[in-house]
Amino acid sequence: MIRSFSLWFFSLLLFAGASAHAGLTRSYSEALKKAGDNKPVILFCYGANFDQVGKATFDAIMRNKDRAFMRMLNKEIYVIVPIYQTPTEKEKAEFNRVMGKHGLPGGIWSYPCFAIVDGQGNFRGAVQSATEMENPQTVQEALTKLLDDFYKQQKLLAQASRTSGVNKERLVREAFSVTSIKPPGHETFDPANNGMVQKLQLMSIAEANRYIRGTLAEKSYTPIERQMIMAAYAGHLRRNNAPLELLRAVYTEMRNIDPTSSYGAYAEGALEIWVDALEKK
């Protein structure tokens with residue numbers, strides 16, 4: 001699996017580098033410098049040595065025959081970020097070459113994904129739900145909307161910085177009403193940042209279940225935070241080849257917390273892609 005993915009990834013690099021105007025940037029630090037105050041950086045994060053479903057999904061996306069998606073992506077600044085499960089020293093070095101001293105921005109809860117950050121490294125949004133990642137067209141539509149909303153919000157915040165009083169308040173309120181994009185510096189709960197994902201990596205399936213159930217027993221979490229915890233748990237189960245009936249139960253519970261949220265939509269798509277499809281094989 002790793003060898004076939006490496007060949008695919010190498011072909012992706014060749015394809016991305018073929019355009020004279022390609023936005024591919026070799027390191028995150030370099031990308032942030034290019035972005036400055038106004039442009040976004042797109043991080044393409046993928047499970048480099050453990051996620052066959054993600055590999056197949058992005059194989060379809062990046063090999064889209066009309067190349068419309070790559071033409072769109074090459075207009076922006078983007079970085080390809082390999083995520084390794086229990087990495088070797090060589091794999092750690094590869095990740096560090098790309099990310100340097102930067103950690104992954106908070107807000108990423110699923111691989112593969114396209115995450116948007118600003119020039120200061122603030123996480124602003126991501127295309128990562130199963131429904132968004134379904135095929136090249138849905139990814140392109142979701143990422144295009146996210147980028148449009150990023151530029152819209154940046155424009156409003158820039159206008160607000162040049163005024164004061166009632167006008168400033170109105171512009172900031174309007175900028176924050178662009179709900180698909182988080183404003184810069186907006187802090188959110190994130191299972192990766194608070195150590196939950198790292199703790200799960202050391203646990204068996206039974207231990208992880210006890211840990212998650214104990215966590216969810218706390219009443220302080222909001223519905224979407226509870227869904228984020230379930231997403232981290234489901235990712236751990238998938239990486240450890242948990243029984244499909246357990247995955248189905250977890251994704252169903254996650255969806256039912258709030259079917260209308262982005263995490264609810266993700267869980268619904270995951271049931272189709274990571275449970276139903278695998279059961280048919």
# chains A, B, ... in the order shown; residues from 1 in each chain; ligands from 1

$ select_by_dssp --residues "range 22-183 of chain A" --states "strand (DSSP E)" --output "ChimeraX atom specification"
/A:41-47,77-83,113-117,123-127

$ write_last_selection --atoms "N, CA and C atoms" --output "short mmCIF file (atom, residue, chain, number, x, y, z; two decimals), in the first residue's frame"
data_model
loop_
_atom_site.label_atom_id
_atom_site.label_comp_id
_atom_site.auth_asym_id
_atom_site.auth_seq_id
_atom_site.Cartn_x
_atom_site.Cartn_y
_atom_site.Cartn_z
N VAL A 41 -3.48 30.25 2.46
CA VAL A 41 -2.65 29.09 2.16
C VAL A 41 -3.54 27.86 2.28
N ILE A 42 -3.47 26.98 1.29
CA ILE A 42 -4.25 25.75 1.32
C ILE A 42 -3.32 24.60 1.68
N LEU A 43 -3.66 23.87 2.73
CA LEU A 43 -2.90 22.69 3.13
C LEU A 43 -3.66 21.45 2.67
N PHE A 44 -3.03 20.66 1.82
CA PHE A 44 -3.60 19.38 1.39
C PHE A 44 -3.00 18.31 2.30
N CYS A 45 -3.77 17.88 3.31
CA CYS A 45 -3.30 16.90 4.30
C CYS A 45 -3.86 15.52 3.95
N TYR A 46 -2.99 14.53 3.96
CA TYR A 46 -3.44 13.18 3.61
C TYR A 46 -2.77 12.14 4.50
N GLY A 47 -3.44 11.03 4.72
CA GLY A 47 -2.88 9.93 5.49
C GLY A 47 -1.88 9.18 4.63
N ILE A 77 -1.93 29.47 -3.27
CA ILE A 77 -0.72 28.97 -2.63
C ILE A 77 -1.10 27.71 -1.89
N TYR A 78 -0.47 26.59 -2.20
CA TYR A 78 -0.83 25.38 -1.48
C TYR A 78 0.39 24.53 -1.16
N VAL A 79 0.23 23.71 -0.11
CA VAL A 79 1.30 22.87 0.41
C VAL A 79 0.75 21.46 0.59
N ILE A 80 1.52 20.46 0.20
CA ILE A 80 1.12 19.07 0.38
C ILE A 80 1.74 18.56 1.68
N VAL A 81 0.90 18.10 2.61
CA VAL A 81 1.36 17.73 3.96
C VAL A 81 1.09 16.24 4.20
N PRO A 82 2.14 15.42 4.31
CA PRO A 82 1.95 14.00 4.61
C PRO A 82 1.74 13.79 6.11
N ILE A 83 0.70 13.03 6.47
CA ILE A 83 0.42 12.71 7.87
C ILE A 83 0.70 11.23 8.06
N CYS A 113 -7.91 16.10 3.53
CA CYS A 113 -8.67 17.34 3.59
C CYS A 113 -7.88 18.47 2.94
N PHE A 114 -8.59 19.53 2.64
CA PHE A 114 -7.99 20.79 2.22
C PHE A 114 -8.31 21.81 3.31
N ALA A 115 -7.30 22.28 4.02
CA ALA A 115 -7.49 23.27 5.08
C ALA A 115 -6.98 24.62 4.61
N ILE A 116 -7.69 25.66 4.99
CA ILE A 116 -7.31 27.03 4.64
C ILE A 116 -6.81 27.75 5.88
N VAL A 117 -5.63 28.33 5.79
CA VAL A 117 -5.09 29.18 6.85
C VAL A 117 -4.73 30.52 6.23
N PHE A 123 -6.11 29.01 11.45
CA PHE A 123 -7.02 28.12 10.74
C PHE A 123 -8.31 28.89 10.45
N ARG A 124 -8.73 28.86 9.17
CA ARG A 124 -9.93 29.61 8.79
C ARG A 124 -11.07 28.72 8.31
N GLY A 125 -10.75 27.51 7.85
CA GLY A 125 -11.79 26.60 7.40
C GLY A 125 -11.19 25.41 6.67
N ALA A 126 -12.03 24.42 6.37
CA ALA A 126 -11.51 23.22 5.70
C ALA A 126 -12.61 22.52 4.92
N VAL A 127 -12.20 21.86 3.86
CA VAL A 127 -13.05 20.93 3.12
C VAL A 127 -12.62 19.54 3.58
#

$ residues_around --residues "Ser177 in chain A" --least-positions-apart "4" --cutoff "12 Å" --atoms "only C-alpha atoms" --output "PDB file with C-alpha atoms, in the first residue's frame"
ATOM      1  CA  ASP A 149     -15.854  33.441   1.573  1.00  0.00           C
ATOM      2  CA  PHE A 150     -12.264  33.866   2.800  1.00  0.00           C
ATOM      3  CA  LYS A 152     -15.055  38.254   1.233  1.00  0.00           C
ATOM      4  CA  GLN A 153     -14.304  38.179   4.958  1.00  0.00           C
ATOM      5  CA  LEU A 156     -14.709  43.309   5.107  1.00  0.00           C
ATOM      6  CA  LEU A 157     -12.105  43.129   7.889  1.00  0.00           C
ATOM      7  CA  ARG A 170     -21.190  46.997  11.212  1.00  0.00           C
ATOM      8  CA  LEU A 171     -18.344  45.770   8.999  1.00  0.00           C
ATOM      9  CA  VAL A 172     -16.905  43.475  11.683  1.00  0.00           C
ATOM     10  CA  ARG A 173     -20.372  42.030  12.370  1.00  0.00           C
ATOM     11  CA  ILE A 181     -14.945  30.856   7.468  1.00  0.00           C
ATOM     12  CA  LYS A 182     -13.620  31.405  10.969  1.00  0.00           C
ATOM     13  CA  PRO A 183     -12.344  34.919  11.680  1.00  0.00           C
TER      14      PRO A 183
END

$ closest_residue --among "A:Leu244, A:Val178, A:Leu202, A:Met230" --to "Glu272 in chain A" --atoms "only C-alpha atoms"
A:Leu244

$ residues_around --residues "Tyr84 in chain A" --least-positions-apart "2" --cutoff "9 Å" --atoms "only C-alpha atoms" --output "ChimeraX atom specification"
/A:46-50,82,86-88,91-92,95

$ atom_distance --atom1 "CA of Ile257 in chain A" --atom2 "CA of Ser129 in chain A"
16.0 Å
